[in-house]
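Enquirer: One file is attached below, model_4.cif, containing mmCIF, C-alpha atoms.
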```
data_input
loop_
_atom_site.label_atom_id
_atom_site.label_comp_id
_atom_site.auth_asym_id
_atom_site.auth_seq_id
_atom_site.Cartn_x
_atom_site.Cartn_y
_atom_site.Cartn_z
CA MET A 1 1.58 44.68 -47.33
CA ARG A 2 4.65 42.65 -46.38
CA VAL A 3 4.39 39.02 -47.51
CA GLN A 4 5.51 36.62 -44.81
CA ASN A 5 8.21 34.13 -45.73
CA LYS A 6 6.64 30.74 -45.07
CA LEU A 7 9.48 28.57 -46.37
CA LYS A 8 11.12 28.27 -42.99
CA ILE A 9 13.79 25.80 -41.87
CA PHE A 10 13.97 23.97 -38.52
CA ASN A 11 17.28 22.81 -37.09
CA ASP A 12 16.77 19.28 -35.78
CA PRO A 13 19.47 17.57 -33.65
CA ILE A 14 18.87 14.25 -35.44
CA TYR A 15 18.36 15.04 -39.13
CA GLY A 16 19.90 18.50 -39.37
CA PHE A 17 17.78 20.96 -41.35
CA ILE A 18 14.08 20.21 -41.85
CA THR A 19 12.33 22.28 -44.50
CA ILE A 20 8.65 23.22 -44.59
CA PRO A 21 7.45 22.16 -48.07
CA ASN A 22 4.73 24.78 -48.64
CA SER A 23 2.62 27.57 -47.12
CA LEU A 24 -0.33 25.34 -46.10
CA ILE A 25 1.99 23.13 -44.00
CA TYR A 26 3.49 26.31 -42.53
CA ASP A 27 0.02 27.61 -41.57
CA LEU A 28 -0.89 24.28 -39.97
CA ILE A 29 2.34 24.32 -37.92
CA GLU A 30 1.58 27.92 -36.88
CA HIS A 31 -1.92 27.00 -35.70
CA LYS A 32 -2.47 26.97 -31.92
CA PHE A 33 -3.67 23.34 -32.03
CA PHE A 34 -0.30 22.26 -33.41
CA GLN A 35 1.78 24.67 -31.31
CA ARG A 36 0.22 23.02 -28.25
CA LEU A 37 2.34 19.93 -29.03
CA ARG A 38 5.37 21.90 -27.80
CA ARG A 39 3.84 21.45 -24.34
CA ILE A 40 3.16 17.71 -24.58
CA SER A 41 6.10 15.46 -23.72
CA GLN A 42 6.84 12.69 -26.22
CA MET A 43 7.76 10.11 -23.60
CA GLY A 44 5.38 11.02 -20.77
CA LEU A 45 7.08 10.65 -17.38
CA SER A 46 10.11 8.77 -18.75
CA TYR A 47 12.31 11.74 -17.77
CA LEU A 48 12.01 10.42 -14.19
CA VAL A 49 14.20 7.54 -15.44
CA TYR A 50 16.10 9.15 -18.33
CA PRO A 51 16.76 12.83 -17.47
CA GLY A 52 17.27 13.78 -21.13
CA ALA A 53 13.86 12.55 -22.27
CA HIS A 54 12.23 15.99 -22.30
CA HIS A 55 11.54 16.23 -26.04
CA THR A 56 8.02 16.94 -27.24
CA ARG A 57 5.36 15.70 -29.67
CA PHE A 58 6.05 18.88 -31.71
CA HIS A 59 9.61 17.71 -32.29
CA HIS A 60 8.46 14.22 -33.27
CA ALA A 61 5.77 15.43 -35.71
CA LEU A 62 8.28 17.56 -37.62
CA GLY A 63 10.71 14.62 -37.74
CA CYS A 64 7.99 12.37 -39.19
CA MET A 65 7.19 14.95 -41.87
CA HIS A 66 10.89 15.15 -42.78
CA LEU A 67 11.10 11.36 -43.18
CA MET A 68 7.91 11.40 -45.26
CA GLN A 69 9.54 13.91 -47.64
CA LYS A 70 12.45 11.49 -48.05
CA ALA A 71 10.08 8.54 -48.63
CA VAL A 72 8.17 10.42 -51.35
CA ASN A 73 11.45 11.32 -53.13
CA VAL A 74 12.74 7.73 -52.95
CA LEU A 75 9.51 6.20 -54.29
CA ARG A 76 9.22 8.74 -57.12
CA PHE A 77 12.85 8.08 -58.07
CA LYS A 78 11.92 4.37 -58.38
CA GLY A 79 9.04 5.20 -60.73
CA VAL A 80 6.15 5.11 -58.24
CA GLU A 81 3.61 7.75 -59.22
CA ILE A 82 2.58 10.08 -56.40
CA SER A 83 0.60 13.14 -57.42
CA GLU A 84 1.21 16.58 -55.86
CA GLU A 85 -2.17 16.33 -54.12
CA GLU A 86 -1.25 12.93 -52.63
CA GLU A 87 2.16 14.22 -51.58
CA GLN A 88 0.59 17.18 -49.77
CA ALA A 89 -1.96 14.86 -48.09
CA LEU A 90 0.82 12.58 -46.84
CA TYR A 91 2.67 15.52 -45.25
CA ILE A 92 -0.50 16.80 -43.57
CA ALA A 93 -1.57 13.36 -42.31
CA ILE A 94 1.84 12.51 -40.79
CA LEU A 95 2.28 16.02 -39.36
CA LEU A 96 -1.07 15.83 -37.56
CA HIS A 97 -1.11 12.12 -36.66
CA ASP A 98 -0.36 12.84 -32.97
CA ILE A 99 -2.23 16.13 -32.57
CA GLY A 100 -4.83 14.45 -30.34
CA HIS A 101 -2.40 13.45 -27.59
CA GLY A 102 -3.31 14.74 -24.15
CA PRO A 103 -1.04 15.66 -21.24
CA PHE A 104 1.73 13.12 -20.69
CA SER A 105 0.43 11.25 -23.73
CA HIS A 106 -1.13 7.89 -22.88
CA ALA A 107 -2.05 8.54 -19.22
CA MET A 108 -4.85 10.83 -20.40
CA GLU A 109 -6.83 8.09 -22.17
CA ASN A 110 -7.57 6.30 -18.90
CA SER A 111 -8.30 9.25 -16.64
CA ILE A 112 -9.16 12.68 -18.09
CA VAL A 113 -11.47 11.18 -20.70
CA ASN A 114 -13.36 7.92 -20.66
CA ASN A 115 -11.92 5.49 -23.25
CA VAL A 116 -11.41 8.11 -25.96
CA SER A 117 -8.17 7.34 -27.81
CA HIS A 118 -5.72 9.97 -28.98
CA GLU A 119 -6.31 8.74 -32.58
CA GLN A 120 -10.02 9.62 -32.29
CA ILE A 121 -9.15 13.08 -30.94
CA SER A 122 -6.51 13.56 -33.69
CA LEU A 123 -9.24 12.89 -36.25
CA MET A 124 -11.55 15.46 -34.58
CA PHE A 125 -8.78 18.06 -34.69
CA MET A 126 -8.10 17.29 -38.36
CA GLU A 127 -11.79 17.61 -39.26
CA HIS A 128 -12.00 20.91 -37.35
CA LEU A 129 -8.91 22.23 -39.20
CA ASN A 130 -10.38 21.00 -42.49
CA ASP A 131 -13.34 23.36 -41.97
CA LYS A 132 -10.97 26.23 -41.23
CA PHE A 133 -8.68 25.51 -44.21
CA ASN A 134 -11.35 25.24 -46.95
CA SER A 135 -11.45 21.42 -47.09
CA SER A 136 -7.76 21.22 -48.02
CA LEU A 137 -7.28 18.36 -45.51
CA THR A 138 -9.95 16.05 -47.00
CA LEU A 139 -7.53 13.67 -48.72
CA ALA A 140 -5.17 13.67 -45.72
CA ILE A 141 -8.08 12.61 -43.49
CA GLN A 142 -8.97 9.79 -45.90
CA ILE A 143 -5.36 8.50 -45.81
CA PHE A 144 -5.17 8.92 -42.02
CA LYS A 145 -8.32 6.79 -41.65
CA GLY A 146 -6.82 4.13 -43.96
CA LYS A 147 -9.69 4.60 -46.42
CA TYR A 148 -7.76 5.76 -49.51
CA GLN A 149 -7.66 3.33 -52.44
CA ARG A 150 -3.87 3.52 -52.83
CA ARG A 151 -2.94 1.31 -49.92
CA PHE A 152 0.78 2.09 -49.69
CA LEU A 153 0.00 5.75 -48.91
CA CYS A 154 -1.99 4.63 -45.84
CA GLN A 155 0.87 2.25 -44.90
CA LEU A 156 3.37 5.13 -44.88
CA ILE A 157 1.19 6.76 -42.17
CA SER A 158 0.26 3.67 -40.18
CA SER A 159 1.74 0.18 -40.50
CA GLN A 160 4.45 -1.92 -38.89
CA LEU A 161 7.07 0.08 -40.78
CA ASP A 162 5.69 3.63 -40.99
CA MET A 163 7.26 7.08 -40.73
CA ASP A 164 5.92 7.45 -37.18
CA ARG A 165 7.94 4.45 -35.90
CA ALA A 166 10.94 5.35 -38.06
CA ASP A 167 11.14 8.69 -36.24
CA TYR A 168 10.15 7.90 -32.66
CA LEU A 169 12.57 4.98 -32.24
CA LYS A 170 15.52 7.07 -33.42
CA ARG A 171 14.40 10.22 -31.57
CA ASP A 172 13.50 8.56 -28.26
CA SER A 173 16.74 6.59 -28.35
CA PHE A 174 18.70 9.83 -28.91
CA TYR A 175 17.05 11.80 -26.09
CA SER A 176 16.90 8.98 -23.56
CA GLY A 177 20.47 7.89 -24.30
CA VAL A 178 19.34 4.28 -24.84
CA ALA A 179 21.64 3.38 -27.74
CA GLU A 180 19.89 0.05 -28.42
CA GLY A 181 16.98 1.89 -30.05
CA ASN A 182 19.08 3.73 -32.60
CA ILE A 183 17.89 2.63 -36.04
CA ASN A 184 19.08 3.64 -39.50
CA SER A 185 15.80 5.22 -40.62
CA GLU A 186 17.43 6.81 -43.68
CA ARG A 187 18.57 3.42 -45.03
CA LEU A 188 15.19 1.84 -44.29
CA ILE A 189 13.46 4.56 -46.30
CA THR A 190 15.96 4.24 -49.17
CA MET A 191 15.07 0.52 -49.43
CA LEU A 192 11.30 1.11 -49.74
CA HIS A 193 9.39 0.23 -52.91
CA VAL A 194 5.79 -0.36 -53.98
CA VAL A 195 4.40 -3.51 -55.64
CA ASP A 196 0.66 -3.90 -56.38
CA ASP A 197 -0.06 -0.82 -54.27
CA GLU A 198 1.61 -2.42 -51.21
CA LEU A 199 4.70 -1.11 -49.46
CA VAL A 200 7.67 -3.51 -49.64
CA VAL A 201 11.34 -3.41 -48.63
CA GLU A 202 13.98 -4.37 -51.18
CA GLU A 203 16.08 -7.44 -50.38
CA LYS A 204 19.16 -5.29 -49.63
CA GLY A 205 17.27 -3.74 -46.70
CA ILE A 206 16.56 -7.00 -44.89
CA TYR A 207 19.19 -6.44 -42.18
CA SER A 208 17.97 -2.89 -41.57
CA VAL A 209 14.46 -4.30 -40.99
CA GLU A 210 15.85 -6.93 -38.59
CA LYS A 211 17.69 -4.21 -36.68
CA PHE A 212 14.51 -2.08 -36.66
CA LEU A 213 12.41 -4.88 -35.09
CA VAL A 214 15.04 -5.79 -32.50
CA ALA A 215 15.47 -2.09 -31.63
CA ARG A 216 11.71 -1.77 -31.20
CA ARG A 217 11.62 -4.67 -28.75
CA LEU A 218 14.56 -3.32 -26.74
CA MET A 219 13.13 0.21 -26.62
CA TYR A 220 9.82 -1.08 -25.26
CA TRP A 221 11.36 -3.05 -22.42
CA GLN A 222 14.10 -0.55 -21.68
CA THR A 223 12.22 2.75 -21.97
CA TYR A 224 8.47 2.73 -22.74
CA LEU A 225 7.73 -0.16 -20.36
CA HIS A 226 10.57 0.53 -17.91
CA LYS A 227 9.24 -0.32 -14.48
CA THR A 228 9.84 3.16 -13.03
CA SER A 229 8.09 4.87 -15.98
CA LEU A 230 5.30 2.32 -15.59
CA VAL A 231 4.70 2.98 -11.90
CA ALA A 232 4.91 6.77 -12.44
CA GLU A 233 2.27 6.62 -15.19
CA GLN A 234 0.02 4.42 -13.02
CA LEU A 235 0.29 6.96 -10.18
CA LEU A 236 -0.59 9.78 -12.57
CA ILE A 237 -3.67 7.92 -13.84
CA ARG A 238 -4.79 7.20 -10.27
CA MET A 239 -4.14 10.77 -9.15
CA LEU A 240 -6.38 12.12 -11.91
CA GLN A 241 -9.05 9.51 -11.17
CA ARG A 242 -8.99 10.53 -7.50
CA ALA A 243 -9.23 14.21 -8.45
CA LYS A 244 -12.26 13.38 -10.61
CA GLU A 245 -13.86 11.43 -7.76
CA LEU A 246 -13.40 14.29 -5.27
CA THR A 247 -14.77 16.81 -7.81
CA HIS A 248 -17.90 14.67 -8.30
CA GLU A 249 -18.30 14.59 -4.50
CA GLY A 250 -18.50 18.39 -4.52
CA GLU A 251 -14.88 19.35 -3.77
CA THR A 252 -13.38 22.28 -5.69
CA LEU A 253 -9.76 21.53 -6.47
CA LYS A 254 -7.21 24.17 -7.39
CA CYS A 255 -6.38 23.75 -11.07
CA THR A 256 -6.73 25.45 -14.45
CA GLU A 257 -10.18 25.94 -16.00
CA ALA A 258 -9.39 23.45 -18.77
CA LEU A 259 -8.48 20.70 -16.31
CA GLN A 260 -11.48 21.56 -14.14
CA TYR A 261 -13.76 21.01 -17.13
CA PHE A 262 -12.50 17.43 -17.61
CA LEU A 263 -12.63 16.68 -13.88
CA SER A 264 -16.23 17.91 -13.63
CA ASN A 265 -17.58 16.22 -16.77
CA ASP A 266 -17.65 12.58 -17.79
CA ILE A 267 -16.29 12.94 -21.33
CA ARG A 268 -16.89 10.00 -23.67
CA ILE A 269 -16.72 9.74 -27.44
CA GLU A 270 -20.51 10.34 -27.68
CA ASN A 271 -20.37 13.75 -25.95
CA PHE A 272 -16.97 14.91 -27.24
CA ASP A 273 -18.30 17.94 -29.16
CA SER A 274 -16.56 20.98 -30.71
CA ASN A 275 -16.72 22.89 -27.40
CA THR A 276 -14.98 19.98 -25.62
CA LEU A 277 -12.35 19.94 -28.38
CA GLU A 278 -11.63 23.65 -27.84
CA VAL A 279 -11.18 23.05 -24.09
CA PHE A 280 -9.03 19.98 -24.75
CA ALA A 281 -6.79 22.14 -26.97
CA ARG A 282 -6.02 24.27 -23.88
CA LEU A 283 -4.88 21.24 -21.91
CA ASP A 284 -1.20 20.21 -21.74
CA ASP A 285 1.51 18.91 -19.37
CA TYR A 286 1.69 22.23 -17.53
CA ASP A 287 -1.95 21.99 -16.37
CA ILE A 288 -1.16 18.65 -14.72
CA ILE A 289 2.16 19.73 -13.19
CA SER A 290 0.72 22.94 -11.71
CA ALA A 291 -2.24 20.95 -10.31
CA MET A 292 0.08 18.37 -8.70
CA LYS A 293 2.11 21.16 -7.09
CA GLU A 294 -1.10 22.38 -5.40
CA TRP A 295 -2.59 18.98 -4.65
CA GLN A 296 0.46 17.69 -2.76
CA TYR A 297 -0.78 19.88 0.13
CA HIS A 298 -4.45 18.84 -0.10
CA SER A 299 -6.25 17.42 2.93
CA ASP A 300 -7.28 14.23 1.08
CA PHE A 301 -4.86 11.43 2.01
CA VAL A 302 -4.93 9.80 -1.45
CA LEU A 303 -4.65 12.92 -3.62
CA ARG A 304 -1.96 14.45 -1.40
CA ASN A 305 0.28 11.38 -1.37
CA LEU A 306 -0.11 10.50 -5.05
CA SER A 307 0.75 14.09 -6.10
CA ASP A 308 3.70 14.21 -3.71
CA MET A 309 5.08 10.91 -5.00
CA ILE A 310 5.19 12.11 -8.63
CA ILE A 311 6.40 15.67 -7.94
CA ASN A 312 9.23 14.51 -5.66
CA ARG A 313 9.89 11.20 -7.45
CA ASP A 314 9.30 9.16 -4.34
CA LEU A 315 7.36 6.44 -6.14
CA LEU A 316 5.80 3.15 -5.10
CA LYS A 317 7.82 -0.05 -5.16
CA ILE A 318 7.13 -2.13 -8.27
CA LYS A 319 7.89 -5.79 -8.83
CA LEU A 320 7.72 -7.43 -12.27
CA LYS A 321 6.94 -11.15 -12.49
CA LYS A 322 6.38 -13.70 -15.25
CA LYS A 323 3.38 -15.15 -13.40
CA LYS A 324 0.22 -13.49 -12.08
CA VAL A 325 0.61 -11.91 -8.64
CA GLN A 326 -0.84 -14.03 -5.84
CA LYS A 327 -3.90 -12.52 -4.21
CA GLU A 328 -2.47 -13.13 -0.71
CA LYS A 329 0.41 -10.73 -1.39
CA LEU A 330 -2.05 -8.01 -2.42
CA VAL A 331 -4.17 -8.61 0.70
CA PHE A 332 -1.06 -8.56 2.92
CA HIS A 333 0.16 -5.15 1.66
CA ARG A 334 -3.35 -3.67 1.68
CA SER A 335 -4.16 -4.71 5.27
CA LYS A 336 -0.74 -3.47 6.45
CA LEU A 337 -1.43 -0.03 4.94
CA MET A 338 -5.04 0.15 6.19
CA GLU A 339 -3.88 -0.60 9.70
CA LYS A 340 -0.99 1.87 9.62
CA TYR A 341 -2.96 4.88 8.32
CA ASN A 342 -6.51 3.94 9.27
CA ILE A 343 -7.78 4.30 5.70
CA SER A 344 -10.53 2.48 3.82
CA GLU A 345 -10.13 -0.42 1.41
CA LYS A 346 -11.05 1.89 -1.46
CA GLU A 347 -8.36 4.41 -0.50
CA VAL A 348 -5.75 1.70 -0.09
CA SER A 349 -6.46 0.37 -3.61
CA TYR A 350 -4.84 3.56 -5.00
CA PHE A 351 -1.50 2.51 -3.46
CA VAL A 352 -1.52 -1.29 -3.70
CA PHE A 353 -2.50 -2.72 -7.08
CA THR A 354 -1.52 -5.16 -9.81
CA GLY A 355 -1.60 -5.10 -13.59
CA GLU A 356 0.02 -6.53 -16.69
CA ILE A 357 2.06 -5.26 -19.61
CA SER A 358 2.60 -6.85 -22.97
CA ASN A 359 5.06 -6.27 -25.79
CA GLN A 360 5.05 -7.67 -29.31
CA ALA A 361 7.71 -6.23 -31.60
CA TYR A 362 6.15 -7.72 -34.75
CA GLN A 363 2.52 -8.68 -35.25
CA MET A 364 1.86 -11.58 -37.61
CA LYS A 365 -1.85 -10.77 -37.94
CA LYS A 366 -1.38 -7.14 -38.96
CA ASP A 367 0.10 -5.66 -42.14
CA HIS A 368 3.23 -7.69 -42.77
CA ILE A 369 6.61 -6.18 -43.52
CA ASN A 370 7.26 -7.76 -46.91
CA ILE A 371 10.65 -8.27 -48.56
CA LEU A 372 10.98 -7.89 -52.34
CA TYR A 373 13.58 -10.16 -53.94
CA LYS A 374 15.37 -9.36 -57.22
CA SER A 375 13.38 -12.19 -58.83
CA GLY A 376 10.16 -10.31 -58.02
CA LYS A 377 9.16 -12.78 -55.30
CA ILE A 378 7.66 -11.21 -52.14
CA GLU A 379 8.02 -12.80 -48.70
CA ASN A 380 7.12 -11.92 -45.12
CA ILE A 381 10.19 -10.74 -43.15
CA ILE A 382 9.76 -13.65 -40.70
CA LYS A 383 10.27 -16.17 -43.52
CA ALA A 384 12.81 -14.07 -45.41
CA SER A 385 15.06 -13.54 -42.40
CA ASP A 386 17.67 -16.10 -41.38
CA GLN A 387 17.71 -14.60 -37.90
CA LEU A 388 15.81 -17.10 -35.76
CA ASN A 389 14.88 -14.67 -33.01
CA LEU A 390 12.61 -12.68 -35.39
CA LYS A 391 10.07 -15.50 -35.02
CA ALA A 392 10.30 -15.06 -31.26
CA LEU A 393 9.71 -11.32 -31.68
CA SER A 394 6.31 -12.06 -33.20
CA LYS A 395 5.14 -13.76 -29.99
CA PRO A 396 3.61 -11.44 -27.38
CA VAL A 397 5.52 -11.33 -24.08
CA THR A 398 3.39 -10.56 -21.03
CA LYS A 399 4.71 -9.54 -17.63
CA PHE A 400 2.73 -8.97 -14.46
CA TYR A 401 3.44 -6.25 -11.94
CA MET A 402 2.53 -5.34 -8.41
CA CYS A 403 2.90 -1.89 -6.86
CA TYR A 404 2.92 -1.13 -3.15
CA PRO A 405 4.39 1.57 -0.88
CA LYS A 406 7.88 1.58 0.53
CA GLU A 407 7.97 1.51 4.33
CA LYS A 408 7.29 5.25 4.54
CA LEU A 409 4.32 6.78 2.73
#
```
Please render this file's structure as structure tokens.
Expert:
Amino acid sequence: MRVQNKLKIFNDPIYGFITIPNSLIYDLIEHKFFQRLRRISQMGLSYLVYPGAHHTRFHHALGCMHLMQKAVNVLRFKGVEISEEEEQALYIAILLHDIGHGPFSHAMENSIVNNVSHEQISLMFMEHLNDKFNSSLTLAIQIFKGKYQRRFLCQLISSQLDMDRADYLKRDSFYSGVAEGNINSERLITMLHVVDDELVVEEKGIYSVEKFLVARRLMYWQTYLHKTSLVAEQLLIRMLQRAKELTHEGETLKCTEALQYFLSNDIRIENFDSNTLEVFARLDDYDIISAMKEWQYHSDFVLRNLSDMIINRDLLKIKLKKKKVQKEKLVFHRSKLMEKYNISEKEVSYFVFTGEISNQAYQMKKDHINILYKSGKIENIIKASDQLNLKALSKPVTKFYMCYPKEKL
């Protein structure tokens, strides 16, 4: 019997060659649950703003694993003990951290399922794979949940300076062409150390951390919370909610079986069983795109127009304000639309709505990013930095938006 070579190499446009460390990681990457990430876009509908932003969660997960390999080597070189079992668990946890993302990433959490986060679904996938792979993911799951006693291992997976952020800022900046997000993730990782089981950054890395936090703020306002991406995602959420509503009223909409399942059933965390997980694993961006292509010709005014807007990028107008939108403006646009198309108040609420977005580049209440001085003193980056605007970055900035149709619908 021919033994398959599992020590493959991926060619990544950002880091060059990415190696698969062992056969278990290879088998996890080969699994259909992970391969599905090739069909989930990393930046949702951001390609409607930045045409290059077509990269996938698959891409991102491999990049995170590559950075984790670098982090393990750096920490071991500095005398931090990491066992082979812990190393393997770190690679598995970071590789699978996004496996629970649904179509177009975050839009799914508010429409296809009812308040079930992608982290919860990631955990379900990991537990399912753990059964299939003879409990070899047990430690990875513990670290992913933040329950492992060696705290810095959990921080490498999820903190304010983790391998996830170190990859997505650099990757999303590269593919979108937004240069402001380009961080030096390699230098950041080289400056990492561990003191009392906590992740710290050596004093020499202070400017790299400053750049990282500023880049994070700029990427949020310029790409993730860009007003066109925002309105497109809101339309997608509303389109799926409308499809669900029509299905519950007895309509049969043209779509894939997997999407039909989530439209027909009210899926919450309590009833998200192994069968639901299997169906969810069949769901990706293509289910939604093919459905929209059909629904843009549907007889329902709301479903037809919402689908058409996304498919043909003829979106609603969106205005961002620093203050809450006045109710009179909402009423004005709603009554204008109701009169023009003779539609109900409920139908009009799909096209005229308000909301708010918030961005906080650094959270003071969460795990701090700590700087380690040569003297052994440890200080929060906000105090350690002489850059005054870092303090400002720790304050949440909230903006309010209003969406309404252009003259023609």
Enquirer: Can you give me, as a list in words, the residues this file yields under the PyMOL selection byres ((chain A and resi 213) around 10)?
Expert: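 Applying the expression gives Gln160, Leu161, Gly181, Ile183, Tyr207, Ser208, Val209, Glu210, Lys211, Phe212, Val214, Ala215, Arg216, Arg217, Leu218, Met219, Gln360, Ala361, Tyr362, Leu390, Leu393 and Ser394 of chain A.
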Enquirer: Go ahead and compute the interatomic distance for CA of Tyr91 in chain A and CA of Ile25 in chain A, in Å to one decimal.
Expert: 7.7 Å
Enquirer: Written as a ChimeraX atom specification, which residues does the PyMOL selection byres ((chain A and resi 94) around 10) give for the file shown?
Expert: /A:61-68,89-93,95-99,140,143-144,156-158,162-164
Enquirer: Compare A:Ile369, A:Met43, A:Leu24, A:Ala179 by their minimum atom-to-atom distance to Gln88 in chain A, counting all atoms listed in the file, and give me the closest one.
Expert: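 Ranking A:Ile369, A:Met43, A:Leu24, A:Ala179 by distance to Gln88 in chain A, first place goes to A:Leu24.
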Enquirer: For the file shown, what are the residues hit by the PyMOL selection byres ((chain A and resi 8) around 7), laid out as a ChimeraX atom specification?
Expert: /A:6-7,9-10,19-20
